[in-house]
Structures are given as C-alpha cells and as structure tokens.
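*Asks:* One structure is given below, represented as structure tokens, and several questions about it will come after.
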Amino acid sequence: MDDPRRAIPSVEKLLSEHVLQQLLETEPRNRVVNVIRGLQHEVRLNGAPEHDTDWYVQQTVARLQKLRQPSLRRVINATGVVLHTNLGRAPLSEAALRAIQETAQDYSNLEYDLSAGARGSRYDHCTRLLCELTGADAALVVNNNAAALVLALHTFAARKHAVVSRGELVEIGGSFRIPEIMERSGARLREVGATNRTHLRDYESALDGEVGALLKVHRSNFEMSGFVSEVSVRDLVPLARAHSVPLLHDLGSGLIEDLSDVGLRGEPTAREALSAGADVITLSGDKLLGGPQAGILLGNAEYIRQLRDNPLCRALRVDKLTLAALEATLQAYAQGTARTELPTLRMLTMPADDIRVRAVALQQKLRENGIRADLVPGTSAVGGGAFPGSELPTFLLLTEASIGASEPRVIARTIEQRTAIDLRTVRPQDEAAIVAALTRA
Ligand SMILES: *Cc1c(COP(=O)(O)O)cnc(C)c1O
C-alpha cells in the first residue's frame, strides 16, 4: 500500500486530463501514449519520486513538442567563419534555392535527353558550365570531394601504387585523413619525401613498381614554413607523362574566381590548377565555390570517361537537387554576378567598413536593451580548409552577456570569456534575433 510507485498516475487518468484531451485533437493517440509510458518508465527507474498529475501533463506536452521539432535546424552564424563545416558550409544563393524547388516539386530531365527524346545521363548536367568556367576538357560531379578522391584512386590506382608526398598526408576534418581514404580506395599508398621536404628525385625513385597515379594534395587547413620544399604540379608533369600515369591534384576548396583583390592569396583557381598540367583535379562544391555539397572532377576527357565508367561511380552519384543547385551556382560565375549573388562570396568580399557600420548600429540597439558591448577590430576566418594563412579584417562586438536559447539559435565565438559577435556571416534580417538572444540570457 505504501509503495510510492502507486502514486504514478495511469495512462488512462492522464489522457483524461483536459490539456492532453486537447492535444489528442492534433496528435496521434499512440504517440501520446508512448510518451506517457516512457515518462512513467523513467520515473520508476528513478525510484519513483512523487510528482503531481500536472507535472506529468507538462512533461508530456514538452516531450511531444520536442518530438515535433526538426533535428536539422537553421542557426545564425555569428562566428565570422564563412565556410563553417559544423554549421553546414556554404549557404546557397536565391537562384540555387529556386532551382532546387523547381526540380524537387515535379519530374525533371535528370536522365532524359530532351533533344533526342531518349534516355540521357545525369552526368551530362553541369559539365558544359564547369568546362566553360575552368577550361577543362571534361567534368564529372559526384557526392562530395572525398568521394571524388576515392573514385579517382580506385579508377587509376587500385592494387597499384599511388605516389604522394609525406608532407601532404593531411587530416582535413575529424574523420577525414588522406592516407586512410587512399587505402580504402584500394590504392597502395607510396609515401615519398619527408614531412617538411620532398624533391623530384623522391618521386622518381618511387616510379619503379606498378604505379597507378601521382597525387598532389592541397594541405588545406595548415601551412608549412621554415626548412621546407615541395615539388609543384608543373614539375611533376614530365614524370607523369614519361610513365603514362595520371597526375591527380586534390585542390579541396575549389576556387573558381580569383580573390586576391580582397587579400585572399595563395590558393589556385581551378583554371590555374588545370593549366599547371594536372590531368584530373578534384574539388568540393560547398567550399569556396559556394554551392551545394558535391565533388567535382575536372580534366582530361579520356580520364574523365574512365571515371564515369567505373561502377563505383554509381555508389557515389550526385543527387538531382544537388545538380540543380550547382548549375544555378555555376551560372552566377558565368554571368559575372558571383560576388553579389552567392552568399559565400558576398561574405568573403564584404569590406570591414560595411561590417563596422552594421556593428555600430547593433551596439546601439544592445545598449537600448541594457547590454554593453565593445566594438573592436578583429579577424574573420574563411574556414573549410581554404586560405589557412589568410585573415579577413572585421569588427567584433564583445560583450559579457551570454547567448540565451533562441530559435534559430545564435552561434558565436568566445574571446577571453566574452561573447564575440562577427556580423560578416550574419544576414542583416537576423540582427534583431541576436539582440533578443543576448537580452534573454
Ligand atoms: C575539404 C577537402 C576534402 C574533402 O572534401 P568534401 O567535399 O568535404 O568531401 C578533400 N581534400 C581536401 C584537400 C580538402 O580540403
């Protein structure tokens, strides 16, 4: 009789409560019942502490609300890191969003040749634009750049050696290491040189056995300085030609348009990388290119044909929504409107003075809400492993106030225990939400 578990209200009793009765008008009964059972179970596990009926009702409502909330949600990026991998990398342009909607809401000619009235190939989309923009002879789009690299190594170097410098065996993100992915492709890794220095003769001496490909990898997220040397793509070309093996260059970020006028230097454009003599280059769609997640292979037509004919290509294939967004993104470059149309290029080329003007206005709004923030010069980052040594001058708002829960959530950096707001990556229409999030906390 004294067993406290008896105090747990029954499902029937809870469902008869007015609030839950109302909830049942919009929520399937079994979903509500499952939530209540889960709740009862937890209470029993915790030794059945006593709660009144209202507590059970409130918990049930709150849990159901959480279940309705999408797992993947928009956030406001106030970090100033433009290509923030954890926050989804490149936001898409209006045109790319329209293209996705058009393609998604009805049927499309994804694998249908409209002029021939017959079966076509999804791999024909985007290729003309990619070749126009980079000077490539041929192009292939797959799921992402890691997939592009796996496909290239599997096609050219499975059960053979893929020769790569020890200075380029990089880890890109938490779970992406060049040497590991190379081995999973079936290629046997043939490391040459030392971490800091690799010479042409190191590559030469590796070309004894069965070599499938030479690989150059952009170091992406770090720079080497001091006693260092590497062999350029240009200097590797004669070696690759003499041994009739493809020279692959994994560019990573995929710069299409030169950005040296805003201080971003040292990253080759896709066109430059190809004209240096690489047979096939690989790059991401959602880094500097500013489009959807995709892996882009560009280069020699015969090599691209071999990549396309590899059955593995089917497992790495690109989705139609990606193709729609990528085509619209590439079109902006072709029209010469990339810097105004593509959010990432807009953010990367945004003058620090424009950010300062916005920050001053936001500082004033915060003050009106009783929050003090200091305006200080600082730096934004490109992110996504691109331009590792480059910093974009910006203006930061530093405040003791912390960020409260808000929808969408505001994500910011912490600098010396203060919240740092960088408006470079914030859309003007989201500034009010930042004031609200800081005020609430
Ligand atoms: C980012 C990066 C990759 C991986 O690209 P994903 O599109 O994220 O798969 C591969 N190689 C280099 C050099 C990179 O910078």
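The chains in the structure tokens are called A, B, ... from first to last as shown; in each chain the residues are counted from 1, and the ligands are counted from 1 in the order shown.
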Using only C-alpha atoms, determine which residues lie at most 9 Å from region 265-270 of chain A, disregarding the query and same-chain residues fewer than 3 positions distant; provide the list as an MDAnalysis selection string.
*Replies:* chainID A and resid 133:136 218 251 253:262 273:275 281:283 298 386:387 389:390
*Asks:* Mind dumping a table of every chain A residue within 7 Å of ligand 1, with the nearest atom pair and its distance in Å to one decimal, using only C-alpha atoms and all ligand atoms, sorted by chain and rising number, as a tab-separated table?
*Replies:*
residue	atom	partner	partner_atom_place_in_ligand_line	distance
A:Asn144	CA	ligand 1	7 (O)	4.2
A:Asn145	CA	ligand 1	7 (O)	3.7
A:Ala146	CA	ligand 1	9 (O)	3.7
A:Ala147	CA	ligand 1	9 (O)	6.4
A:Ile172	CA	ligand 1	2 (C)	6.0
A:Val217	CA	ligand 1	13 (C)	5.6
A:His218	CA	ligand 1	13 (C)	4.7
A:Arg219	CA	ligand 1	13 (C)	5.9
A:Ser220	CA	ligand 1	15 (O)	4.7
A:Asp250	CA	ligand 1	13 (C)	5.4
A:Leu251	CA	ligand 1	13 (C)	5.3
A:Gly252	CA	ligand 1	14 (C)	3.4
A:Ser253	CA	ligand 1	15 (O)	5.4
A:Leu283	CA	ligand 1	5 (O)	6.9
A:Ser284	CA	ligand 1	7 (O)	4.2
A:Gly285	CA	ligand 1	7 (O)	6.6
A:Asp286	CA	ligand 1	7 (O)	6.8
A:Gln293	CA	ligand 1	7 (O)	6.3
A:Ala294	CA	ligand 1	7 (O)	6.0
A:Gly295	CA	ligand 1	7 (O)	5.7
A:Gly384	CA	ligand 1	1 (C)	6.3
A:Gly385	CA	ligand 1	15 (O)	5.3
A:Ala386	CA	ligand 1	15 (O)	6.9
*Asks:* Pull the strand (DSSP E or B) assignments for region 79-186 of chain A out of DSSP run on the backbone, and list those residues as a list in words.
*Replies:* Val81, Val82, Leu83, Tyr112, Asp113, Ala118, Arg119, Ala138, Ala139, Leu140, Val141, Val142, Ala158, His161, Ala162, Val163, Val164, Ser165, Glu171, Ile172, Gly173, Phe176 and Arg177 of chain A
*Asks:* Give me the residues near Arg305 (chain A) as a PyMOL selection string, where near means some atom within 12 Å (using only C-alpha atoms) and where sequence neighbours in that chain fewer than 4 positions away do not count.
*Replies:* chain A and resi 123-124+137-140+152+155-156+280+297-301+309-311+313
*Asks:* Pull N, CA and C atoms from the residues just selected and write them as a PDB file, in the first residue's frame.
*Replies:*
ATOM      1  N   TYR A 123      25.035  12.635 -65.607  1.00  0.00           N
ATOM      2  CA  TYR A 123      26.388  13.205 -65.568  1.00  0.00           C
ATOM      3  C   TYR A 123      26.617  14.248 -66.651  1.00  0.00           C
ATOM      4  N   ASP A 124      25.614  14.455 -67.518  1.00  0.00           N
ATOM      5  CA  ASP A 124      25.766  15.497 -68.531  1.00  0.00           C
ATOM      6  C   ASP A 124      25.415  16.879 -67.984  1.00  0.00           C
ATOM      7  N   ASP A 137      38.572  19.958 -70.222  1.00  0.00           N
ATOM      8  CA  ASP A 137      38.013  19.280 -71.397  1.00  0.00           C
ATOM      9  C   ASP A 137      36.735  18.546 -71.024  1.00  0.00           C
ATOM     10  N   ALA A 138      36.689  18.045 -69.803  1.00  0.00           N
ATOM     11  CA  ALA A 138      35.538  17.251 -69.379  1.00  0.00           C
ATOM     12  C   ALA A 138      35.377  17.366 -67.869  1.00  0.00           C
ATOM     13  N   ALA A 139      34.177  17.004 -67.387  1.00  0.00           N
ATOM     14  CA  ALA A 139      33.883  17.151 -65.962  1.00  0.00           C
ATOM     15  C   ALA A 139      32.956  16.040 -65.502  1.00  0.00           C
ATOM     16  N   LEU A 140      33.042  15.738 -64.206  1.00  0.00           N
ATOM     17  CA  LEU A 140      32.159  14.736 -63.603  1.00  0.00           C
ATOM     18  C   LEU A 140      31.825  15.216 -62.198  1.00  0.00           C
ATOM     19  N   ALA A 152      38.700   8.517 -58.026  1.00  0.00           N
ATOM     20  CA  ALA A 152      39.886   8.696 -58.866  1.00  0.00           C
ATOM     21  C   ALA A 152      40.954   7.658 -58.517  1.00  0.00           C
ATOM     22  N   THR A 155      39.843   4.178 -59.623  1.00  0.00           N
ATOM     23  CA  THR A 155      39.854   4.027 -61.080  1.00  0.00           C
ATOM     24  C   THR A 155      41.281   3.842 -61.611  1.00  0.00           C
ATOM     25  N   PHE A 156      42.202   4.645 -61.091  1.00  0.00           N
ATOM     26  CA  PHE A 156      43.546   4.648 -61.684  1.00  0.00           C
ATOM     27  C   PHE A 156      44.583   3.842 -60.912  1.00  0.00           C
ATOM     28  N   VAL A 280      43.797  15.395 -63.787  1.00  0.00           N
ATOM     29  CA  VAL A 280      42.466  15.456 -63.163  1.00  0.00           C
ATOM     30  C   VAL A 280      42.602  16.223 -61.851  1.00  0.00           C
ATOM     31  N   LEU A 297      35.122  16.560 -60.424  1.00  0.00           N
ATOM     32  CA  LEU A 297      36.355  16.093 -61.065  1.00  0.00           C
ATOM     33  C   LEU A 297      36.451  16.770 -62.424  1.00  0.00           C
ATOM     34  N   LEU A 298      37.613  17.369 -62.710  1.00  0.00           N
ATOM     35  CA  LEU A 298      37.783  18.104 -63.959  1.00  0.00           C
ATOM     36  C   LEU A 298      39.082  17.684 -64.622  1.00  0.00           C
ATOM     37  N   GLY A 299      39.069  17.652 -65.956  1.00  0.00           N
ATOM     38  CA  GLY A 299      40.336  17.398 -66.639  1.00  0.00           C
ATOM     39  C   GLY A 299      40.198  16.720 -67.976  1.00  0.00           C
ATOM     40  N   ASN A 300      41.199  15.931 -68.264  1.00  0.00           N
ATOM     41  CA  ASN A 300      41.375  15.186 -69.500  1.00  0.00           C
ATOM     42  C   ASN A 300      40.150  14.311 -69.810  1.00  0.00           C
ATOM     43  N   ALA A 301      39.639  14.411 -71.052  1.00  0.00           N
ATOM     44  CA  ALA A 301      38.377  13.752 -71.410  1.00  0.00           C
ATOM     45  C   ALA A 301      38.450  12.226 -71.292  1.00  0.00           C
ATOM     46  N   ASP A 309      32.858   5.627 -66.183  1.00  0.00           N
ATOM     47  CA  ASP A 309      32.542   4.226 -66.479  1.00  0.00           C
ATOM     48  C   ASP A 309      32.827   3.285 -65.303  1.00  0.00           C
ATOM     49  N   ASN A 310      33.481   3.769 -64.274  1.00  0.00           N
ATOM     50  CA  ASN A 310      33.759   2.926 -63.108  1.00  0.00           C
ATOM     51  C   ASN A 310      32.440   2.638 -62.384  1.00  0.00           C
ATOM     52  N   PRO A 311      32.086   1.357 -62.179  1.00  0.00           N
ATOM     53  CA  PRO A 311      30.822   1.036 -61.492  1.00  0.00           C
ATOM     54  C   PRO A 311      30.694   1.690 -60.114  1.00  0.00           C
ATOM     55  N   CYS A 313      31.216   4.610 -59.427  1.00  0.00           N
ATOM     56  CA  CYS A 313      30.643   5.943 -59.642  1.00  0.00           C
ATOM     57  C   CYS A 313      29.150   5.935 -59.260  1.00  0.00           C
TER      58      CYS A 313
END
*Asks:* Measuring between only C-alpha atoms, which one of A:Leu307, A:Val75, A:Ala359, A:Ala48 shows the shortest distance to Leu149 (chain A)?
*Replies:* A:Leu307
*Asks:* Give one line per residue of region 76-142 of chain A that approaches region 173-180 of chain A to at most 12 Å, naming the two atoms of the closest pair and their distance in Å to one decimal, counting only C-alpha atoms; sort by chain then ascending residue number and deliver it as JSON lines.
*Replies:*
{"residue": "A:His84", "atom": "CA", "partner": "A:Gly173", "partner_atom": "CA", "distance": 11.5}
{"residue": "A:Thr85", "atom": "CA", "partner": "A:Gly173", "partner_atom": "CA", "distance": 8.7}
{"residue": "A:Asn86", "atom": "CA", "partner": "A:Gly173", "partner_atom": "CA", "distance": 10.1}
